[in-house]
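*Asks:* Just one file: input27.cif, with mmCIF, C-alpha atoms.
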```cif
data_upload
#
loop_
_atom_site.group_PDB
_atom_site.id
_atom_site.type_symbol
_atom_site.label_atom_id
_atom_site.label_comp_id
_atom_site.auth_asym_id
_atom_site.auth_seq_id
_atom_site.Cartn_x
_atom_site.Cartn_y
_atom_site.Cartn_z
ATOM 1 C CA VAL L 1 -111.938 -175.694 -120.773
ATOM 2 C CA ILE L 2 -108.417 -175.156 -122.042
ATOM 3 C CA LEU L 3 -107.978 -171.460 -122.856
ATOM 4 C CA ALA L 4 -105.204 -171.434 -125.437
ATOM 5 C CA THR L 5 -105.655 -168.153 -127.299
ATOM 6 C CA SER L 6 -102.160 -166.978 -128.213
ATOM 7 C CA ASP L 7 -102.980 -163.290 -127.701
ATOM 8 C CA GLY L 8 -102.926 -162.625 -123.958
ATOM 9 C CA ARG L 9 -104.854 -159.374 -124.468
ATOM 10 C CA GLU L 10 -107.988 -161.444 -125.061
ATOM 11 C CA HIS L 11 -107.703 -163.653 -121.991
ATOM 12 C CA LEU L 12 -109.493 -161.424 -119.472
ATOM 13 C CA ALA L 13 -112.771 -161.334 -121.393
ATOM 14 C CA GLN L 14 -112.507 -165.006 -122.340
ATOM 15 C CA ALA L 15 -111.664 -166.113 -118.799
ATOM 16 C CA LYS L 16 -114.601 -164.182 -117.346
ATOM 17 C CA GLU L 17 -116.962 -165.956 -119.748
ATOM 18 C CA ILE L 18 -115.570 -169.352 -118.749
ATOM 19 C CA PHE L 19 -115.672 -168.508 -115.038
ATOM 20 C CA ALA L 20 -119.355 -167.602 -115.401
ATOM 21 C CA SER L 21 -120.056 -171.018 -116.926
ATOM 22 C CA GLY L 22 -118.785 -172.788 -113.814
ATOM 23 C CA LYS L 23 -116.392 -174.929 -115.832
ATOM 24 C CA PRO L 24 -112.829 -175.533 -114.603
ATOM 25 C CA VAL L 25 -110.218 -173.936 -116.846
ATOM 26 C CA TYR L 26 -106.529 -174.261 -117.587
ATOM 27 C CA ILE L 27 -105.134 -170.985 -118.982
ATOM 28 C CA ASP L 28 -102.180 -171.450 -121.315
ATOM 29 C CA LYS L 29 -99.380 -168.914 -121.647
ATOM 30 C CA PRO L 30 -99.310 -166.010 -121.997
ATOM 31 C CA PHE L 31 -101.644 -165.698 -119.000
ATOM 32 C CA ALA L 32 -102.193 -162.048 -119.946
ATOM 33 C CA ALA L 33 -100.466 -159.245 -121.811
ATOM 34 C CA ASP L 34 -99.738 -157.135 -118.736
ATOM 35 C CA LEU L 35 -99.784 -157.390 -114.957
ATOM 36 C CA LYS L 36 -103.027 -155.434 -114.615
ATOM 37 C CA ASP L 37 -104.864 -158.152 -116.534
ATOM 38 C CA VAL L 38 -103.097 -160.907 -114.574
ATOM 39 C CA VAL L 39 -104.497 -159.405 -111.370
ATOM 40 C CA ARG L 40 -107.938 -158.848 -112.922
ATOM 41 C CA ILE L 41 -108.188 -162.439 -114.157
ATOM 42 C CA VAL L 42 -107.228 -163.882 -110.781
ATOM 43 C CA ASP L 43 -109.576 -161.518 -108.926
ATOM 44 C CA ALA L 44 -112.433 -162.402 -111.310
ATOM 45 C CA GLY L 45 -111.785 -166.110 -110.815
ATOM 46 C CA LYS L 46 -111.819 -165.783 -107.034
ATOM 47 C CA LYS L 47 -115.000 -163.689 -107.135
ATOM 48 C CA ALA L 48 -116.699 -166.351 -109.271
ATOM 49 C CA LYS L 49 -115.318 -169.123 -107.000
ATOM 50 C CA ALA L 50 -113.909 -170.655 -110.173
ATOM 51 C CA LYS L 51 -111.457 -173.531 -110.430
ATOM 52 C CA PHE L 52 -108.532 -172.435 -112.587
ATOM 53 C CA PHE L 53 -104.784 -172.565 -112.922
ATOM 54 C CA ALA L 54 -101.956 -171.672 -115.274
ATOM 55 C CA THR L 55 -98.417 -172.898 -115.593
ATOM 56 C CA SER L 56 -95.630 -173.737 -118.022
ATOM 57 C CA CYS L 57 -94.752 -177.318 -118.879
ATOM 58 C CA VAL L 58 -91.198 -176.490 -117.745
ATOM 59 C CA ARG L 59 -92.488 -176.421 -114.148
ATOM 60 C CA TYR L 60 -92.442 -180.221 -114.524
ATOM 61 C CA MET L 61 -88.782 -180.334 -115.453
ATOM 62 C CA SER L 62 -87.079 -183.322 -113.857
ATOM 63 C CA GLY L 63 -86.085 -182.532 -110.284
ATOM 64 C CA CYS L 64 -88.055 -179.297 -109.838
ATOM 65 C CA ARG L 65 -91.012 -180.934 -108.148
ATOM 66 C CA ASP L 66 -88.680 -183.059 -106.007
ATOM 67 C CA ALA L 67 -87.135 -179.835 -104.749
ATOM 68 C CA ARG L 68 -90.588 -178.372 -104.066
ATOM 69 C CA LYS L 69 -91.601 -181.456 -102.093
ATOM 70 C CA GLY L 70 -88.543 -181.151 -99.871
ATOM 71 C CA GLU L 71 -86.881 -184.313 -101.145
ATOM 72 C CA MET L 72 -83.597 -182.434 -101.684
ATOM 73 C CA GLY L 73 -83.611 -180.849 -98.251
ATOM 74 C CA PRO L 74 -83.624 -177.077 -97.687
ATOM 75 C CA ILE L 75 -83.166 -175.109 -100.932
ATOM 76 C CA ARG L 76 -80.555 -172.375 -100.668
ATOM 77 C CA GLY L 77 -80.887 -170.980 -104.181
ATOM 78 C CA ALA L 78 -81.268 -171.800 -107.869
ATOM 79 C CA PHE L 79 -79.981 -170.839 -111.297
ATOM 80 C CA VAL L 80 -82.409 -171.451 -114.165
ATOM 81 C CA TRP L 81 -81.949 -170.897 -117.894
ATOM 82 C CA SER L 82 -84.509 -170.839 -120.669
ATOM 83 C CA GLN L 83 -85.127 -169.648 -124.195
ATOM 84 C CA GLU L 84 -86.328 -166.037 -124.425
ATOM 85 C CA SER L 85 -88.203 -164.101 -127.089
ATOM 86 C CA PHE L 86 -90.451 -161.049 -127.133
ATOM 87 C CA GLU L 87 -93.815 -160.040 -128.597
ATOM 88 C CA PRO L 88 -94.467 -156.272 -128.853
ATOM 89 C CA HIS L 89 -98.013 -156.367 -127.453
ATOM 90 C CA HIS L 90 -97.004 -158.163 -124.238
ATOM 91 C CA SER L 91 -94.873 -157.161 -121.265
ATOM 92 C CA ASP L 92 -91.318 -158.156 -122.209
ATOM 93 C CA TYR L 93 -90.972 -161.390 -120.272
ATOM 94 C CA PHE L 94 -94.595 -162.597 -120.307
ATOM 95 C CA TRP L 95 -94.346 -164.022 -123.812
ATOM 96 C CA TYR L 96 -91.633 -166.656 -123.398
ATOM 97 C CA ALA L 97 -89.484 -166.082 -120.307
ATOM 98 C CA ILE L 98 -92.377 -167.535 -118.303
ATOM 99 C CA HIS L 99 -90.745 -170.884 -119.111
ATOM 100 C CA GLY L 100 -87.799 -169.868 -116.933
ATOM 101 C CA ALA L 101 -89.777 -168.205 -114.141
ATOM 102 C CA GLU L 102 -92.094 -171.189 -113.580
ATOM 103 C CA PRO L 103 -89.333 -173.698 -112.706
ATOM 104 C CA LEU L 104 -87.522 -171.019 -110.659
ATOM 105 C CA PHE L 105 -90.588 -170.542 -108.447
ATOM 106 C CA THR L 106 -91.278 -174.265 -108.372
ATOM 107 C CA ILE L 107 -87.815 -174.719 -106.859
ATOM 108 C CA MET L 108 -87.675 -171.622 -104.644
ATOM 109 C CA GLY L 109 -91.312 -171.241 -103.630
ATOM 110 C CA THR L 110 -93.014 -167.886 -103.186
ATOM 111 C CA GLY L 111 -91.659 -164.961 -101.198
ATOM 112 C CA CYS L 112 -89.643 -163.034 -103.780
ATOM 113 C CA GLU L 113 -89.445 -159.375 -102.768
ATOM 114 C CA LYS L 114 -87.069 -157.615 -105.160
ATOM 115 C CA VAL L 115 -85.717 -158.090 -108.688
ATOM 116 C CA THR L 116 -82.786 -156.800 -110.705
ATOM 117 C CA CYS L 117 -82.311 -157.355 -114.431
ATOM 118 C CA PHE L 118 -79.262 -156.774 -116.610
ATOM 119 C CA ALA L 119 -79.764 -156.990 -120.367
ATOM 120 C CA GLY L 120 -77.184 -158.131 -122.889
ATOM 121 C CA PRO L 121 -77.150 -158.604 -126.669
ATOM 122 C CA ASP L 122 -77.868 -162.338 -126.440
ATOM 123 C CA GLY L 123 -80.043 -162.493 -123.335
ATOM 124 C CA ASP L 124 -80.944 -161.115 -119.937
ATOM 125 C CA MET L 125 -79.934 -162.038 -116.374
ATOM 126 C CA ILE L 126 -82.714 -161.675 -113.821
ATOM 127 C CA THR L 127 -82.010 -162.053 -110.092
ATOM 128 C CA GLY L 128 -84.708 -162.303 -107.450
ATOM 129 C CA LEU L 129 -84.111 -161.704 -103.732
ATOM 130 C CA TRP L 130 -86.397 -163.756 -101.499
ATOM 131 C CA LYS L 131 -87.586 -162.481 -98.107
ATOM 132 C CA ASP L 132 -85.407 -165.028 -96.287
ATOM 133 C CA GLY L 133 -82.281 -163.775 -98.067
ATOM 134 C CA ARG L 134 -82.047 -166.520 -100.705
ATOM 135 C CA GLN L 135 -81.384 -165.619 -104.330
ATOM 136 C CA GLY L 136 -82.843 -167.158 -107.475
ATOM 137 C CA VAL L 137 -81.389 -166.340 -110.878
ATOM 138 C CA MET L 138 -82.984 -166.736 -114.309
ATOM 139 C CA HIS L 139 -80.957 -166.404 -117.510
ATOM 140 C CA GLY L 140 -83.088 -165.799 -120.587
ATOM 141 C CA MET L 141 -81.269 -166.737 -123.780
ATOM 142 C CA ARG L 142 -82.233 -165.299 -127.154
ATOM 143 C CA TRP L 143 -79.636 -167.215 -129.197
ATOM 144 C CA THR L 144 -81.140 -170.669 -128.619
ATOM 145 C CA LYS L 145 -83.722 -172.241 -130.896
ATOM 146 C CA PRO L 146 -87.362 -172.134 -129.696
ATOM 147 C CA GLY L 147 -88.175 -175.177 -127.602
ATOM 148 C CA SER L 148 -84.564 -175.811 -126.598
ATOM 149 C CA GLY L 149 -82.243 -174.686 -123.858
ATOM 150 C CA TYR L 150 -84.045 -175.329 -120.561
ATOM 151 C CA GLY L 151 -82.333 -176.371 -117.351
ATOM 152 C CA ALA L 152 -81.510 -175.520 -113.764
ATOM 153 C CA VAL L 153 -78.944 -175.935 -111.039
ATOM 154 C CA ILE L 154 -80.578 -176.325 -107.630
ATOM 155 C CA PHE L 155 -78.437 -175.459 -104.605
ATOM 156 C CA THR L 156 -79.419 -177.702 -101.713
ATOM 157 C CA GLU L 157 -78.179 -178.325 -98.195
ATOM 158 C CA LYS L 158 -78.721 -182.060 -98.531
ATOM 159 C CA LYS L 159 -77.275 -182.813 -101.982
ATOM 160 C CA GLY L 160 -75.174 -179.798 -102.882
ATOM 161 C CA ALA L 161 -75.600 -178.456 -106.426
ATOM 162 C CA VAL L 162 -78.007 -180.587 -108.448
ATOM 163 C CA LYS L 163 -78.318 -180.064 -112.205
ATOM 164 C CA VAL L 164 -81.668 -180.856 -113.854
ATOM 165 C CA GLY L 165 -82.955 -180.401 -117.387
ATOM 166 C CA GLY L 166 -85.607 -181.029 -119.985
ATOM 167 C CA TYR L 167 -89.348 -180.487 -119.729
ATOM 168 C CA SER L 168 -92.460 -182.592 -120.015
ATOM 169 C CA MET L 169 -95.587 -181.748 -122.000
ATOM 170 C CA GLU L 170 -96.902 -185.156 -120.949
ATOM 171 C CA SER L 171 -96.587 -184.277 -117.251
ATOM 172 C CA LEU L 172 -98.467 -181.014 -117.814
ATOM 173 C CA ALA L 173 -101.204 -182.859 -119.734
ATOM 174 C CA GLN L 174 -101.527 -185.327 -116.850
ATOM 175 C CA GLU L 175 -101.845 -182.462 -114.353
ATOM 176 C CA ILE L 176 -104.548 -180.786 -116.455
ATOM 177 C CA LEU L 177 -106.473 -184.061 -116.733
ATOM 178 C CA LYS L 178 -106.175 -184.719 -112.995
ATOM 179 C CA PHE L 179 -107.376 -181.174 -112.313
ATOM 180 C CA PHE L 180 -110.419 -181.652 -114.558
ATOM 181 C CA GLN L 181 -111.227 -184.955 -112.853
ATOM 182 C CA THR L 182 -110.744 -183.874 -109.242
ATOM 183 C CA GLY L 183 -111.176 -180.096 -109.191
ATOM 184 C CA VAL L 184 -108.012 -179.815 -107.108
ATOM 185 C CA VAL L 185 -106.022 -176.784 -108.309
ATOM 186 C CA PRO L 186 -102.338 -177.797 -108.711
ATOM 187 C CA VAL L 187 -100.846 -174.274 -108.819
ATOM 188 C CA ASP L 188 -102.146 -171.586 -106.455
ATOM 189 C CA PRO L 189 -103.318 -168.531 -108.463
ATOM 190 C CA ASP L 190 -101.591 -166.288 -105.912
ATOM 191 C CA GLU L 191 -98.294 -167.938 -106.882
ATOM 192 C CA THR L 192 -99.092 -167.217 -110.525
ATOM 193 C CA VAL L 193 -99.614 -163.531 -109.651
ATOM 194 C CA GLU L 194 -96.237 -163.440 -107.892
ATOM 195 C CA ILE L 195 -94.495 -165.067 -110.864
ATOM 196 C CA TYR L 196 -95.870 -162.471 -113.265
ATOM 197 C CA ALA L 197 -95.053 -159.684 -110.793
ATOM 198 C CA PHE L 198 -91.483 -161.030 -110.804
ATOM 199 C CA LEU L 199 -91.419 -160.839 -114.611
ATOM 200 C CA GLU L 200 -92.906 -157.333 -114.687
ATOM 201 C CA ALA L 201 -90.428 -156.148 -112.047
ATOM 202 C CA ALA L 202 -87.640 -157.576 -114.219
ATOM 203 C CA ALA L 203 -88.888 -155.622 -117.235
ATOM 204 C CA GLN L 204 -88.981 -152.403 -115.213
ATOM 205 C CA SER L 205 -85.514 -153.066 -113.782
ATOM 206 C CA LYS L 206 -84.170 -153.547 -117.301
ATOM 207 C CA ARG L 207 -85.605 -150.202 -118.380
ATOM 208 C CA LYS L 208 -83.955 -148.613 -115.323
ATOM 209 C CA GLY L 209 -80.527 -149.996 -116.183
ATOM 210 C CA GLY L 210 -80.572 -152.785 -113.609
ATOM 211 C CA ALA L 211 -81.940 -150.846 -110.631
ATOM 212 C CA PRO L 212 -83.770 -153.038 -108.088
ATOM 213 C CA VAL L 213 -87.570 -153.101 -108.390
ATOM 214 C CA ALA L 214 -89.834 -154.353 -105.601
ATOM 215 C CA LEU L 215 -92.662 -156.755 -106.426
ATOM 216 C CA ALA L 216 -94.889 -154.874 -103.970
ATOM 217 C CA ASP L 217 -94.464 -151.721 -106.064
ATOM 218 C CA VAL L 218 -95.397 -153.305 -109.393
ATOM 219 C CA LEU L 219 -98.396 -155.033 -107.783
ATOM 220 C CA LYS L 220 -99.553 -151.757 -106.233
ATOM 221 C CA GLU L 221 -99.306 -150.126 -109.662
ATOM 222 C CA ALA L 222 -101.187 -153.027 -111.294
ATOM 223 C CA ARG L 223 -104.029 -152.755 -108.793
ATOM 224 C CA CYS L 224 -104.557 -149.032 -109.376
ATOM 225 C CA PRO L 225 -107.790 -148.287 -111.309
#
```
Write the structure described by the file as structure tokens, please.
*Replies:*
Amino acid sequence: VILATSDGREHLAQAKEIFASGKPVYIDKPFAADLKDVVRIVDAGKKAKAKFFATSCVRYMSGCRDARKGEMGPIRGAFVWSQESFEPHHSDYFWYAIHGAEPLFTIMGTGCEKVTCFAGPDGDMITGLWKDGRQGVMHGMRWTKPGSGYGAVIFTEKKGAVKVGGYSMESLAQEILKFFQTGVVPVDPDETVEIYAFLEAAAQSKRKGGAPVALADVLKEARCP
């Protein structure tokens, strides 16, 4: 099943129904409207032993997967930019900034602990601090046209600064098809939870004028009844 309802508020109930059917499911963005539902969907999927994943097509931007595979050597940091827009019923960055967070985590891997966000009239600058001291930066731009303005600079020990760009709907479609055929989940749901925790921490940091917000704190809040 491809769950492509545009309103993330409906995804929890819909995902639970699909999980109960035993069918594998790809969940399109927005994964959910808030972090509580992100956690609930992932927990429900694990409880049902379901096969599921979610990601943005920008994860398959040229060079990102090469970095993840180690083909560029150790990754020291990354700067990613993407188009940004908001929808009032969803946590600020869940609606469209996911297209910047996905390639950032593809490059950097998991392990982000703290986030700061500074908002400007044309976009927001979000910086994540990883547990090993590395930094990953995402610049969300509101002045670009939808569907344009995606790219990254990957800072590597082996190749220096490597600029990559573009995105591939075809690559995402191939991954979904492969997943349906094999049952092998291409993106760990726990990574998806961390990505959305990163985005929620960014939204809270913005409301606090750029004060650092820990992912552990927003996840603790999301898991409260």
*Asks:* From the set L:Pro225, L:Met108, L:Pro121, L:Tyr167, which residue has the shortest atom-to-atom contact distance to Gly133 of chain L, counting all atoms listed in the file?
*Replies:*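 Using all atoms listed in the file, the shortest distance to Gly133 of chain L belongs to L:Met108.
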*Asks:* Taking (-91.4, -163.9, -102.4) in the file's coordinates as the center, which residues reach within 8 Å of it, counting all atoms listed in the file, put as a PDB file with C-alpha atoms, in the frame of the given file?
*Replies:*
```pdb
ATOM      1  CA  GLY L 109     -91.312-171.241-103.630  1.00  0.00           C
ATOM      2  CA  THR L 110     -93.014-167.886-103.186  1.00  0.00           C
ATOM      3  CA  GLY L 111     -91.659-164.961-101.198  1.00  0.00           C
ATOM      4  CA  CYS L 112     -89.643-163.034-103.780  1.00  0.00           C
ATOM      5  CA  GLU L 113     -89.445-159.375-102.768  1.00  0.00           C
ATOM      6  CA  LEU L 129     -84.111-161.704-103.732  1.00  0.00           C
ATOM      7  CA  TRP L 130     -86.397-163.756-101.499  1.00  0.00           C
ATOM      8  CA  LYS L 131     -87.586-162.481 -98.107  1.00  0.00           C
ATOM      9  CA  GLU L 194     -96.237-163.440-107.892  1.00  0.00           C
TER      10      GLU L 194
END
```
*Asks:* Quick one: apply the PyMOL selection byres ((chain L and resi 50-59) around 8) to the file and drop the selected residues here as an MDAnalysis selection string.
*Replies:* chainID L and resid 19 22:29 31 45:49 60:61 64:65 98:100 102:103 106 150 166:169 171:172 183:189 192
*Asks:* Save out the residues we just selected, C-alpha atoms, as a tab-separated table (two decimals), in the frame of the given file.
*Replies:*
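part.tsv was written with the following content:
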```tsv
chain	number	residue	atom	x	y	z
L	19	PHE	CA	-115.67	-168.51	-115.04
L	22	GLY	CA	-118.78	-172.79	-113.81
L	23	LYS	CA	-116.39	-174.93	-115.83
L	24	PRO	CA	-112.83	-175.53	-114.60
L	25	VAL	CA	-110.22	-173.94	-116.85
L	26	TYR	CA	-106.53	-174.26	-117.59
L	27	ILE	CA	-105.13	-170.98	-118.98
L	28	ASP	CA	-102.18	-171.45	-121.32
L	29	LYS	CA	-99.38	-168.91	-121.65
L	31	PHE	CA	-101.64	-165.70	-119.00
L	45	GLY	CA	-111.78	-166.11	-110.82
L	46	LYS	CA	-111.82	-165.78	-107.03
L	47	LYS	CA	-115.00	-163.69	-107.14
L	48	ALA	CA	-116.70	-166.35	-109.27
L	49	LYS	CA	-115.32	-169.12	-107.00
L	60	TYR	CA	-92.44	-180.22	-114.52
L	61	MET	CA	-88.78	-180.33	-115.45
L	64	CYS	CA	-88.06	-179.30	-109.84
L	65	ARG	CA	-91.01	-180.93	-108.15
L	98	ILE	CA	-92.38	-167.54	-118.30
L	99	HIS	CA	-90.74	-170.88	-119.11
L	100	GLY	CA	-87.80	-169.87	-116.93
L	102	GLU	CA	-92.09	-171.19	-113.58
L	103	PRO	CA	-89.33	-173.70	-112.71
L	106	THR	CA	-91.28	-174.26	-108.37
L	150	TYR	CA	-84.04	-175.33	-120.56
L	166	GLY	CA	-85.61	-181.03	-119.98
L	167	TYR	CA	-89.35	-180.49	-119.73
L	168	SER	CA	-92.46	-182.59	-120.02
L	169	MET	CA	-95.59	-181.75	-122.00
L	171	SER	CA	-96.59	-184.28	-117.25
L	172	LEU	CA	-98.47	-181.01	-117.81
L	183	GLY	CA	-111.18	-180.10	-109.19
L	184	VAL	CA	-108.01	-179.82	-107.11
L	185	VAL	CA	-106.02	-176.78	-108.31
L	186	PRO	CA	-102.34	-177.80	-108.71
L	187	VAL	CA	-100.85	-174.27	-108.82
L	188	ASP	CA	-102.15	-171.59	-106.46
L	189	PRO	CA	-103.32	-168.53	-108.46
L	192	THR	CA	-99.09	-167.22	-110.52
```
*Asks:* Between atom CA of Glu221 of chain L and atom CA of Glu200 of chain L, what distance in Å does the model show, to one decimal?
*Replies:* 10.9 Å
*Asks:* Counting all atoms listed in the file, which residues sit no farther than 8 Å from the position (-106.7, -165.8, -118.4) in the file's frame? I'd like them as a PyMOL selection string.
*Replies:* chain L and resi 3+8+11-12+14-15+27-28+31-32+38+41-42
*Asks:* Write to file, as a PDB file, in the coordinates of the input, the residues of the selection just made, with C-alpha atoms.
*Replies:*
```
ATOM      1  CA  LEU L   3    -107.978-171.460-122.856  1.00  0.00           C
ATOM      2  CA  GLY L   8    -102.926-162.625-123.958  1.00  0.00           C
ATOM      3  CA  HIS L  11    -107.703-163.653-121.991  1.00  0.00           C
ATOM      4  CA  LEU L  12    -109.493-161.424-119.472  1.00  0.00           C
ATOM      5  CA  GLN L  14    -112.507-165.006-122.340  1.00  0.00           C
ATOM      6  CA  ALA L  15    -111.664-166.113-118.799  1.00  0.00           C
ATOM      7  CA  ILE L  27    -105.134-170.985-118.982  1.00  0.00           C
ATOM      8  CA  ASP L  28    -102.180-171.450-121.315  1.00  0.00           C
ATOM      9  CA  PHE L  31    -101.644-165.698-119.000  1.00  0.00           C
ATOM     10  CA  ALA L  32    -102.193-162.048-119.946  1.00  0.00           C
ATOM     11  CA  VAL L  38    -103.097-160.907-114.574  1.00  0.00           C
ATOM     12  CA  ILE L  41    -108.188-162.439-114.157  1.00  0.00           C
ATOM     13  CA  VAL L  42    -107.228-163.882-110.781  1.00  0.00           C
TER      14      VAL L  42
END
```
*Asks:* Please identify all polymer residues within 7 Å of Lys114 of chain L, counting only C-alpha atoms, omitting same-chain residues fewer than 3 positions from it, and present them as a PDB file with C-alpha atoms, in the coordinates of the input.
*Replies:*
```pdb
ATOM      1  CA  GLY L 128     -84.708-162.303-107.450  1.00  0.00           C
ATOM      2  CA  LEU L 129     -84.111-161.704-103.732  1.00  0.00           C
ATOM      3  CA  PRO L 212     -83.770-153.038-108.088  1.00  0.00           C
ATOM      4  CA  VAL L 213     -87.570-153.101-108.390  1.00  0.00           C
ATOM      5  CA  ALA L 214     -89.834-154.353-105.601  1.00  0.00           C
ATOM      6  CA  LEU L 215     -92.662-156.755-106.426  1.00  0.00           C
TER       7      LEU L 215
END
```
*Asks:* Do a neighbour search on Val115 of chain L at 12 Å with all atoms listed in the file, toss out local chain neighbours closer than 6 positions, and write the hits as a short mmCIF file (atom, residue, chain, number, x, y, z; two decimals) with C-alpha atoms, keeping the file's coordinate frame.
*Replies:*
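The resulting file, part_9.cif, is reproduced below:
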```cif
data_model
loop_
_atom_site.label_atom_id
_atom_site.label_comp_id
_atom_site.auth_asym_id
_atom_site.auth_seq_id
_atom_site.Cartn_x
_atom_site.Cartn_y
_atom_site.Cartn_z
CA MET L 125 -79.93 -162.04 -116.37
CA ILE L 126 -82.71 -161.68 -113.82
CA THR L 127 -82.01 -162.05 -110.09
CA GLY L 128 -84.71 -162.30 -107.45
CA LEU L 129 -84.11 -161.70 -103.73
CA TRP L 130 -86.40 -163.76 -101.50
CA LYS L 131 -87.59 -162.48 -98.11
CA GLN L 135 -81.38 -165.62 -104.33
CA GLY L 136 -82.84 -167.16 -107.48
CA VAL L 137 -81.39 -166.34 -110.88
CA MET L 138 -82.98 -166.74 -114.31
CA GLU L 194 -96.24 -163.44 -107.89
CA ILE L 195 -94.50 -165.07 -110.86
CA TYR L 196 -95.87 -162.47 -113.26
CA ALA L 197 -95.05 -159.68 -110.79
CA PHE L 198 -91.48 -161.03 -110.80
CA LEU L 199 -91.42 -160.84 -114.61
CA GLU L 200 -92.91 -157.33 -114.69
CA ALA L 201 -90.43 -156.15 -112.05
CA ALA L 202 -87.64 -157.58 -114.22
CA ALA L 203 -88.89 -155.62 -117.24
CA GLN L 204 -88.98 -152.40 -115.21
CA SER L 205 -85.51 -153.07 -113.78
CA LYS L 206 -84.17 -153.55 -117.30
CA LYS L 208 -83.96 -148.61 -115.32
CA GLY L 210 -80.57 -152.78 -113.61
CA ALA L 211 -81.94 -150.85 -110.63
CA PRO L 212 -83.77 -153.04 -108.09
CA VAL L 213 -87.57 -153.10 -108.39
CA ALA L 214 -89.83 -154.35 -105.60
CA LEU L 215 -92.66 -156.76 -106.43
CA ALA L 216 -94.89 -154.87 -103.97
CA ASP L 217 -94.46 -151.72 -106.06
CA VAL L 218 -95.40 -153.30 -109.39
#
```
*Asks:* Taking only C-alpha atoms into account, which of L:Arg9, L:Lys163, L:Lys220, L:Arg207 comes nearest Ala78 of chain L?
*Replies:*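 Of the candidates, the smallest distance to Ala78 of chain L is held by L:Lys163.
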*Asks:* Between atom CA of Gly120 of chain L and atom CA of Leu104 of chain L, what is the distance, to one decimal in Å?
*Replies:*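 Computing it gives 20.6 Å between the two atoms.
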*Asks:* Atom CA of Asp92 of chain L to atom CA of Arg142 of chain L: how many Å, to one decimal?
*Replies:*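 Interatomic distance here is 12.6 Å.
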*Asks:* Taking all atoms listed in the file into account, name the residue in L:Ile107, L:Ile2, L:Ala119, L:Ala152 that is nearest to Ala67 of chain L.
*Replies:*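 Going through L:Ile107, L:Ile2, L:Ala119, L:Ala152 one by one, the smallest distance to Ala67 of chain L is for L:Ile107.
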*Asks:* On this structure, which residues satisfy the PyMOL selection byres ((chain L and resi 153) around 7), written as a PyMOL selection string?
*Replies:* chain L and resi 78-80+152+154-155+161-164
